[in-house]
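Shown next: data_21.pdb, containing PDB, C-alpha atoms.
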```
ATOM      1  CA  MET A 293      49.668 -51.465   0.628
ATOM      2  CA  ALA A 294      51.227 -49.973   3.735
ATOM      3  CA  LEU A 295      48.259 -50.944   5.881
ATOM      4  CA  GLY A 296      48.223 -54.454   4.405
ATOM      5  CA  SER A 297      51.928 -54.879   5.080
ATOM      6  CA  ILE A 298      51.269 -54.290   8.779
ATOM      7  CA  LEU A 299      49.037 -57.348   8.775
ATOM      8  CA  TRP A 300      51.672 -59.466   7.024
ATOM      9  CA  TRP A 301      54.302 -58.290   9.498
ATOM     10  CA  VAL A 302      52.200 -59.338  12.490
ATOM     11  CA  ILE A 303      51.525 -62.745  10.952
ATOM     12  CA  ALA A 304      55.234 -63.204  10.176
ATOM     13  CA  VAL A 305      56.369 -62.189  13.668
ATOM     14  CA  SER A 306      53.770 -64.182  15.587
ATOM     15  CA  GLN A 307      53.725 -67.063  13.061
ATOM     16  CA  SER A 308      49.998 -67.421  13.649
ATOM     17  CA  VAL A 309      46.805 -65.707  12.625
ATOM     18  CA  ALA A 310      45.319 -64.097  15.711
ATOM     19  CA  PRO A 311      41.658 -63.034  15.839
ATOM     20  CA  GLY A 312      42.842 -59.417  15.883
ATOM     21  CA  ALA A 313      44.551 -59.967  12.532
ATOM     22  CA  VAL A 314      41.346 -61.315  11.014
ATOM     23  CA  ILE A 315      39.384 -58.341  12.369
ATOM     24  CA  TYR A 316      42.072 -55.994  11.038
ATOM     25  CA  LEU A 317      41.838 -57.580   7.590
ATOM     26  CA  GLY A 318      38.047 -57.269   7.632
ATOM     27  CA  GLY A 319      38.238 -53.622   8.663
ATOM     28  CA  LEU A 320      40.884 -52.879   6.056
ATOM     29  CA  CYS A 321      38.733 -54.494   3.362
ATOM     30  CA  LEU A 322      35.683 -52.493   4.451
ATOM     31  CA  ALA A 323      37.638 -49.221   4.462
ATOM     32  CA  ILE A 324      39.092 -49.900   1.019
ATOM     33  CA  CYS A 325      35.663 -50.929  -0.297
ATOM     34  CA  GLY A 326      34.196 -47.681   1.013
ATOM     35  CA  LEU A 327      36.903 -45.582  -0.628
ATOM     36  CA  LEU A 328      36.534 -47.472  -3.910
ATOM     37  CA  LEU A 329      32.757 -47.095  -3.786
ATOM     38  CA  ALA A 330      33.169 -43.361  -3.185
ATOM     39  CA  ASP A 331      35.530 -43.228  -6.165
ATOM     40  CA  LEU A 332      32.935 -45.073  -8.249
ATOM     41  CA  HIS A 333      30.310 -42.475  -7.355
ATOM     42  CA  ILE A 334      32.680 -39.664  -8.378
ATOM     43  CA  ARG A 335      33.546 -41.380 -11.677
ATOM     44  CA  ALA A 336      29.844 -41.936 -12.422
ATOM     45  CA  ARG A 337      29.253 -38.186 -12.178
ATOM     46  CA  PHE A 338      32.404 -36.686 -13.660
ATOM     47  CA  GLY A 339      34.328 -39.455 -15.398
ATOM     48  CA  TYR A 340      38.005 -39.763 -14.578
ATOM     49  CA  LEU A 341      39.221 -36.898 -12.405
ATOM     50  CA  ASP A 342      42.894 -36.116 -12.031
ATOM     51  CA  LEU A 343      43.444 -35.614  -8.314
ATOM     52  CA  ASN A 344      46.110 -32.986  -8.971
ATOM     53  CA  THR A 345      43.719 -30.732 -10.899
ATOM     54  CA  SER A 346      40.299 -31.556  -9.420
ATOM     55  CA  HIS A 347      39.434 -29.857  -6.159
ATOM     56  CA  GLY A 348      36.499 -28.410  -4.303
ATOM     57  CA  LEU A 349      34.044 -31.275  -4.143
ATOM     58  CA  ALA A 350      33.103 -30.273  -0.579
ATOM     59  CA  HIS A 351      31.236 -27.239  -1.913
ATOM     60  CA  LEU A 352      29.430 -29.220  -4.576
ATOM     61  CA  MET A 353      28.752 -32.496  -2.729
ATOM     62  CA  PRO A 354      28.537 -31.922   1.046
ATOM     63  CA  GLY A 355      26.894 -35.293   1.827
ATOM     64  CA  PHE A 356      29.568 -37.140  -0.118
ATOM     65  CA  SER A 357      32.267 -35.081   1.577
ATOM     66  CA  VAL A 358      31.150 -36.037   5.083
ATOM     67  CA  LEU A 359      31.105 -39.732   4.222
ATOM     68  CA  PHE A 360      34.453 -39.479   2.419
ATOM     69  CA  VAL A 361      36.044 -37.818   5.457
ATOM     70  CA  LEU A 362      34.683 -40.598   7.680
ATOM     71  CA  PHE A 363      36.171 -43.267   5.406
ATOM     72  CA  ILE A 364      39.512 -41.448   5.429
ATOM     73  CA  THR A 365      39.472 -41.343   9.232
ATOM     74  CA  ALA A 366      38.568 -45.037   9.311
ATOM     75  CA  ALA A 367      41.483 -45.850   7.001
ATOM     76  CA  VAL A 368      43.872 -43.724   9.068
ATOM     77  CA  GLY A 369      42.780 -45.618  12.145
ATOM     78  CA  LEU A 370      41.021 -43.307  14.554
ATOM     79  CA  PRO A 371      39.884 -45.065  17.756
ATOM     80  CA  ILE A 372      36.194 -45.618  17.042
ATOM     81  CA  PHE A 373      36.877 -47.617  13.878
ATOM     82  CA  THR A 374      38.000 -51.210  13.389
ATOM     83  CA  LEU A 375      41.552 -50.605  12.191
ATOM     84  CA  PHE A 376      42.585 -48.898  15.414
ATOM     85  CA  SER A 377      41.178 -51.481  17.796
ATOM     86  CA  ALA A 378      42.442 -54.427  15.758
ATOM     87  CA  PHE A 379      45.887 -52.808  15.344
ATOM     88  CA  MET A 380      46.170 -52.273  19.091
ATOM     89  CA  GLU A 381      45.020 -55.840  19.754
ATOM     90  CA  MET A 382      47.635 -57.190  17.359
ATOM     91  CA  LEU A 383      50.458 -55.091  18.814
ATOM     92  CA  LEU A 384      49.544 -55.825  22.419
ATOM     93  CA  GLY A 385      49.173 -59.518  21.620
ATOM     94  CA  LEU A 386      52.807 -59.859  20.529
ATOM     95  CA  SER A 387      54.955 -61.069  23.396
ATOM     96  CA  SER A 388      58.374 -59.976  22.180
ATOM     97  CA  THR A 389      58.867 -57.647  19.274
ATOM     98  CA  PRO A 390      62.224 -56.377  17.995
ATOM     99  CA  VAL A 391      62.428 -52.608  18.386
ATOM    100  CA  GLY A 392      63.628 -52.025  14.820
ATOM    101  CA  SER A 393      60.784 -54.054  13.411
ATOM    102  CA  LEU A 394      58.238 -52.203  15.536
ATOM    103  CA  ALA A 395      59.721 -48.862  14.438
ATOM    104  CA  LEU A 396      59.313 -49.923  10.803
ATOM    105  CA  ILE A 397      55.641 -50.779  11.366
ATOM    106  CA  LEU A 398      54.984 -47.466  13.079
ATOM    107  CA  LEU A 399      56.703 -45.714  10.157
ATOM    108  CA  LEU A 400      54.399 -47.537   7.730
ATOM    109  CA  TRP A 401      51.386 -46.490   9.794
ATOM    110  CA  LEU A 402      52.562 -42.872   9.758
ATOM    111  CA  MET A 403      53.107 -42.987   5.988
ATOM    112  CA  ALA A 404      49.537 -44.160   5.463
ATOM    113  CA  SER A 405      48.319 -41.572   7.966
ATOM    114  CA  TRP A 406      50.079 -38.888   5.930
ATOM    115  CA  TYR A 407      48.773 -40.063   2.553
ATOM    116  CA  PHE A 408      45.069 -40.313   3.382
ATOM    117  CA  PRO A 409      44.548 -36.760   4.752
ATOM    118  CA  ARG A 410      46.479 -35.426   1.774
ATOM    119  CA  LEU A 411      44.109 -37.330  -0.532
ATOM    120  CA  MET A 412      41.161 -35.861   1.354
ATOM    121  CA  GLN A 413      42.538 -32.330   1.063
ATOM    122  CA  GLN A 414      43.146 -32.716  -2.670
ATOM    123  CA  VAL A 415      39.684 -34.026  -3.457
ATOM    124  CA  LEU A 416      37.460 -32.004  -1.147
ATOM    125  CA  PHE A 417      38.961 -28.578  -0.575
ATOM    126  CA  GLY A 418      40.124 -25.653  -2.666
ATOM    127  CA  HIS A 419      38.439 -23.874  -5.541
ATOM    128  CA  PRO A 420      36.203 -26.158  -7.594
ATOM    129  CA  SER A 421      37.593 -27.032 -10.978
ATOM    130  CA  PRO A 422      35.436 -26.051 -13.974
ATOM    131  CA  ARG A 423      34.983 -29.698 -14.952
ATOM    132  CA  SER A 424      33.488 -30.681 -11.592
ATOM    133  CA  THR A 425      30.896 -27.919 -11.236
ATOM    134  CA  ALA A 426      28.121 -29.787 -13.060
ATOM    135  CA  GLY A 427      27.640 -32.631 -10.556
ATOM    136  CA  HIS A 428      25.140 -33.325  -7.822
ATOM    137  CA  ASP A 429      25.312 -34.859  -4.376
ATOM    138  CA  LEU A 430      24.756 -38.539  -3.615
ATOM    139  CA  HIS A 431      21.380 -40.148  -4.103
ATOM    140  CA  VAL A 432      19.710 -41.902  -1.168
ATOM    141  CA  ASP A 433      20.725 -45.418  -2.237
ATOM    142  CA  GLU A 434      24.352 -44.359  -2.772
ATOM    143  CA  ARG A 435      24.397 -42.673   0.613
ATOM    144  CA  CYS A 436      22.866 -45.749   2.306
ATOM    145  CA  ALA A 437      25.518 -48.052   0.842
ATOM    146  CA  LEU A 438      28.330 -45.887   2.206
ATOM    147  CA  ILE A 439      26.614 -45.496   5.589
ATOM    148  CA  LEU A 440      26.189 -49.271   5.840
ATOM    149  CA  LEU A 441      29.905 -49.798   5.261
ATOM    150  CA  LEU A 442      30.724 -47.172   7.902
ATOM    151  CA  ALA A 443      28.337 -48.809  10.370
ATOM    152  CA  LEU A 444      30.078 -52.150   9.827
ATOM    153  CA  LEU A 445      33.440 -50.495  10.453
ATOM    154  CA  VAL A 446      32.205 -49.042  13.738
ATOM    155  CA  ILE A 447      30.506 -52.283  14.840
ATOM    156  CA  LEU A 448      33.650 -54.316  14.199
ATOM    157  CA  GLY A 449      35.694 -51.755  16.115
ATOM    158  CA  LEU A 450      33.409 -51.676  19.151
ATOM    159  CA  ALA A 451      32.395 -55.341  19.219
ATOM    160  CA  PRO A 452      33.291 -57.296  22.358
ATOM    161  CA  PRO A 453      36.030 -59.916  21.956
ATOM    162  CA  HIS A 454      33.718 -62.868  22.641
ATOM    163  CA  TRP A 455      31.912 -62.148  19.348
ATOM    164  CA  PHE A 456      35.029 -63.339  17.552
ATOM    165  CA  GLY A 457      35.827 -66.348  19.725
ATOM    166  CA  THR A 458      38.319 -64.619  21.985
ATOM    167  CA  ALA A 459      38.047 -63.638  25.605
ATOM    168  CA  VAL A 460      39.726 -61.100  27.773
ATOM    169  CA  PRO A 461      42.777 -62.769  29.455
ATOM    170  CA  THR A 462      41.768 -61.693  32.966
ATOM    171  CA  VAL A 463      38.402 -63.368  32.540
ATOM    172  CA  GLN A 464      40.141 -66.571  31.450
ATOM    173  CA  MET A 465      42.365 -66.489  34.544
ATOM    174  CA  ILE A 466      39.387 -66.069  36.868
ATOM    175  CA  GLN A 467      37.532 -68.925  35.228
ATOM    176  CA  LEU A 468      40.569 -71.200  35.474
ATOM    177  CA  SER A 469      41.058 -70.609  39.172
TER     178      SER A 469
END
```
Show the structure stored in the file as structure tokens.
Amino acid sequence: MALGSILWWVIAVSQSVAPGAVIYLGGLCLAICGLLLADLHIRARFGYLDLNTSHGLAHLMPGFSVLFVLFITAAVGLPIFTLFSAFMEMLLGLSSTPVGSLALILLLWLMASWYFPRLMQQVLFGHPSPRSTAGHDLHVDERCALILLLALLVILGLAPPHWFGTAVPTVQMIQLS
């Protein structure tokens, strides 16, 4: 919800939907879909796992763990993924932003950045719980689905602006003159 509220704040402040906001929403949806799909794979193997008592999946499912860490870093907003580039485009696209409002958005971003690594630490590391020792790593089709979502997150993050109908402002100025 914190990452979604950033989008609503940008739309409310700018009173328009910029291409960066649409890209941000797409990246946020892909990151959430990847985390939910990873959760579905865990529930298919173990049933419902309480995150406070279930640990150590990194030892049991190393392929899943790598993909889960990548989805966490995508949701946190590291630079190669869509959320970072779209967030920076949205913030740099705002002409005048109240300082208090910007501080609130950065606080929301930090809250989400604190929650996701904590989730990763709870699920992947520590001593494996007795209930989760009977599982197996991802199958090829499950792994491919998660890799496809990650590839889309990277492609959206690295795509040039003209793919989305926008252009770099300096290029527009040169073409106008």
_Once the PyMOL selection byres ((chain A and resi 412) around 12) has been evaluated on this model, what residues remain selected, and can you format them as a PyMOL selection string?_
chain A and resi 327+330-331+343-344+346-350+356-365+367-368+405-411+413-418
*Sel. within 12 Å of pt (32.6, -50.1, -1.2), counting all atoms listed in the file, output as a ChimeraX atom specification*: /A:319-333,359-360,363,434-442,444-445
*Return as a count of residues only the set of residues that the PyMOL selection byres ((chain A and resi 373) around 8) yields on the displayed structure.*
15
*Spell out the residues picked by the PyMOL selection byres ((chain A and resi 302) around 10) here, as a list in words.*
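Taken over the shown coordinates, the PyMOL selection byres ((chain A and resi 302) around 10) returns Ser297, Ile298, Leu299, Trp300, Trp301, Ile303, Ala304, Val305, Ser306, Gln307, Ser308, Val309, Ala310, Gly312, Ala313, Phe379, Met382, Leu383, Gly385, Leu386, Thr389, Leu394 and Ile397 of chain A.
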*How far is it from atom CA of Ala294 of chain A to atom CA of Pro390 of chain A, in Å with one decimal?*
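For atom CA of Ala294 of chain A relative to atom CA of Pro390 of chain A, the distance reads 19.1 Å.
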*How many Å separate atom CA of His419 of chain A from atom CA of Met353 of chain A?*
13.3 Å
*Could you state the separation of atom CA of Leu295 of chain A and atom CA of Met380 of chain A in Å, given to one decimal place?*
13.4 Å
